[in-house]
Amino acid sequence: MSEPTKEELLARIAELEKQSGSRPKGTLEFRVGEKGGVSVYGLGRFPVTLYYEQWVRLLDKSSDLRAFLEENKHRLKLKNAE
């Protein structure tokens, strides 16, 4: 098997970049990282990564977080102001 040419490598890179950008905008994606953390992609520019116990603690407080957000909505910067 021969080594790929520069042009073949560039074509492969372009193909992989196309595939990586194929996630529909606004969708969330979950991945497990090398160190065992769970990352959520699609919330912003960078992923949000927490470990299992942290996700469970956060999810256990989801109703408190929703209430807090509603109470402070007038102080928060909203992307789509209603």
# chains A, B, ... in the order shown; residues from 1 in each chain; ligands from 1
call {"tool": "select_by_dssp", "arguments": {"residues": "chain A", "states": "strand (DSSP E)", "output": "VMD selection string"}}
result
chain A and resid 29 to 32 38 to 41 48 to 50
call {"tool": "residues_around", "arguments": {"residues": "region 31-41 of chain A", "least_positions_apart": "5", "cutoff": "6 Å", "atoms": "only C-alpha atoms", "output": "mmCIF file with C-alpha atoms, in the first residue's frame"}}
result
data_model
loop_
_atom_site.group_PDB
_atom_site.id
_atom_site.type_symbol
_atom_site.label_atom_id
_atom_site.label_comp_id
_atom_site.auth_asym_id
_atom_site.auth_seq_id
_atom_site.Cartn_x
_atom_site.Cartn_y
_atom_site.Cartn_z
ATOM 1 C CA PRO A 47 -18.608 21.997 25.132
ATOM 2 C CA VAL A 48 -19.850 21.762 28.717
ATOM 3 C CA THR A 49 -18.076 18.886 30.477
ATOM 4 C CA LEU A 50 -18.927 17.417 33.869
ATOM 5 C CA TYR A 51 -18.363 14.064 35.534
#
call {"tool": "atom_distance", "arguments": {"atom1": "CA of Tyr52 (chain A)", "atom2": "CA of Glu70 (chain A)"}}
result
26.5 Å
call {"tool": "atom_distance", "arguments": {"atom1": "CA of Glu8 (chain A)", "atom2": "CA of Ser20 (chain A)"}}
result
18.4 Å
call {"tool": "atom_distance", "arguments": {"atom1": "CA of Lys73 (chain A)", "atom2": "CA of Gly44 (chain A)"}}
result
19.3 Å
call {"tool": "decode", "arguments": {"residues": "region 31-59 of chain A", "atoms": "N, CA and C atoms", "output": "mmCIF file, in the first residue's frame"}}
result
data_model
loop_
_atom_site.group_PDB
_atom_site.id
_atom_site.type_symbol
_atom_site.label_atom_id
_atom_site.label_comp_id
_atom_site.auth_asym_id
_atom_site.auth_seq_id
_atom_site.Cartn_x
_atom_site.Cartn_y
_atom_site.Cartn_z
ATOM 1 N N ARG A 31 -20.971 13.276 24.422
ATOM 2 C CA ARG A 31 -19.803 12.408 24.212
ATOM 3 C C ARG A 31 -19.128 12.141 25.549
ATOM 4 N N VAL A 32 -18.513 10.971 25.646
ATOM 5 C CA VAL A 32 -17.705 10.629 26.814
ATOM 6 C C VAL A 32 -16.260 10.893 26.440
ATOM 7 N N GLY A 33 -15.577 11.710 27.249
ATOM 8 C CA GLY A 33 -14.192 12.055 26.980
ATOM 9 C C GLY A 33 -13.222 11.015 27.491
ATOM 10 N N GLU A 34 -11.949 11.227 27.186
ATOM 11 C CA GLU A 34 -10.878 10.311 27.586
ATOM 12 C C GLU A 34 -10.804 10.111 29.094
ATOM 13 N N LYS A 35 -11.087 11.172 29.854
ATOM 14 C CA LYS A 35 -10.972 11.115 31.303
ATOM 15 C C LYS A 35 -12.273 10.700 31.980
ATOM 16 N N GLY A 36 -13.291 10.344 31.187
ATOM 17 C CA GLY A 36 -14.532 9.846 31.757
ATOM 18 C C GLY A 36 -15.589 10.896 32.011
ATOM 19 N N GLY A 37 -15.370 12.107 31.568
ATOM 20 C CA GLY A 37 -16.371 13.150 31.715
ATOM 21 C C GLY A 37 -17.368 13.097 30.565
ATOM 22 N N VAL A 38 -18.556 13.623 30.788
ATOM 23 C CA VAL A 38 -19.571 13.687 29.743
ATOM 24 C C VAL A 38 -19.628 15.127 29.240
ATOM 25 N N SER A 39 -19.444 15.292 27.942
ATOM 26 C CA SER A 39 -19.458 16.613 27.321
ATOM 27 C C SER A 39 -20.731 16.794 26.519
ATOM 28 N N VAL A 40 -21.298 17.986 26.623
ATOM 29 C CA VAL A 40 -22.473 18.353 25.828
ATOM 30 C C VAL A 40 -22.011 19.381 24.811
ATOM 31 N N TYR A 41 -22.203 19.055 23.547
ATOM 32 C CA TYR A 41 -21.847 19.947 22.458
ATOM 33 C C TYR A 41 -23.126 20.556 21.897
ATOM 34 N N GLY A 42 -23.051 21.809 21.467
ATOM 35 C CA GLY A 42 -24.180 22.447 20.827
ATOM 36 C C GLY A 42 -24.838 23.531 21.661
ATOM 37 N N LEU A 43 -24.349 23.753 22.872
ATOM 38 C CA LEU A 43 -24.895 24.817 23.710
ATOM 39 C C LEU A 43 -24.249 26.156 23.384
ATOM 40 N N GLY A 44 -23.005 26.112 23.021
ATOM 41 C CA GLY A 44 -22.252 27.327 22.723
ATOM 42 C C GLY A 44 -21.017 26.967 21.927
ATOM 43 N N ARG A 45 -20.055 27.858 21.961
ATOM 44 C CA ARG A 45 -18.834 27.643 21.187
ATOM 45 C C ARG A 45 -18.020 26.465 21.710
ATOM 46 N N PHE A 46 -18.018 26.289 23.031
ATOM 47 C CA PHE A 46 -17.253 25.223 23.652
ATOM 48 C C PHE A 46 -18.190 24.230 24.329
ATOM 49 N N PRO A 47 -17.760 22.983 24.454
ATOM 50 C CA PRO A 47 -18.608 21.997 25.132
ATOM 51 C C PRO A 47 -18.659 22.241 26.635
ATOM 52 N N VAL A 48 -19.720 21.747 27.259
ATOM 53 C CA VAL A 48 -19.850 21.762 28.717
ATOM 54 C C VAL A 48 -19.523 20.347 29.170
ATOM 55 N N THR A 49 -18.516 20.206 30.041
ATOM 56 C CA THR A 49 -18.076 18.886 30.477
ATOM 57 C C THR A 49 -18.152 18.771 31.985
ATOM 58 N N LEU A 50 -18.835 17.738 32.448
ATOM 59 C CA LEU A 50 -18.927 17.417 33.869
ATOM 60 C C LEU A 50 -18.775 15.914 34.025
ATOM 61 N N TYR A 51 -18.422 15.489 35.247
ATOM 62 C CA TYR A 51 -18.363 14.064 35.534
ATOM 63 C C TYR A 51 -19.738 13.567 35.972
ATOM 64 N N TYR A 52 -19.911 12.260 35.967
ATOM 65 C CA TYR A 52 -21.195 11.627 36.253
ATOM 66 C C TYR A 52 -21.873 12.212 37.488
ATOM 67 N N GLU A 53 -21.144 12.249 38.609
ATOM 68 C CA GLU A 53 -21.723 12.730 39.862
ATOM 69 C C GLU A 53 -22.187 14.184 39.748
ATOM 70 N N GLN A 54 -21.432 14.986 39.016
ATOM 71 C CA GLN A 54 -21.808 16.381 38.827
ATOM 72 C C GLN A 54 -23.083 16.508 38.001
ATOM 73 N N TRP A 55 -23.210 15.695 36.947
ATOM 74 C CA TRP A 55 -24.433 15.727 36.140
ATOM 75 C C TRP A 55 -25.636 15.318 36.976
ATOM 76 N N VAL A 56 -25.467 14.283 37.804
ATOM 77 C CA VAL A 56 -26.575 13.812 38.637
ATOM 78 C C VAL A 56 -26.986 14.898 39.627
ATOM 79 N N ARG A 57 -26.014 15.554 40.264
ATOM 80 C CA ARG A 57 -26.332 16.644 41.198
ATOM 81 C C ARG A 57 -27.068 17.773 40.498
ATOM 82 N N LEU A 58 -26.606 18.137 39.310
ATOM 83 C CA LEU A 58 -27.243 19.208 38.547
ATOM 84 C C LEU A 58 -28.663 18.818 38.143
ATOM 85 N N LEU A 59 -28.842 17.614 37.655
ATOM 86 C CA LEU A 59 -30.170 17.162 37.253
ATOM 87 C C LEU A 59 -31.120 17.061 38.441
#
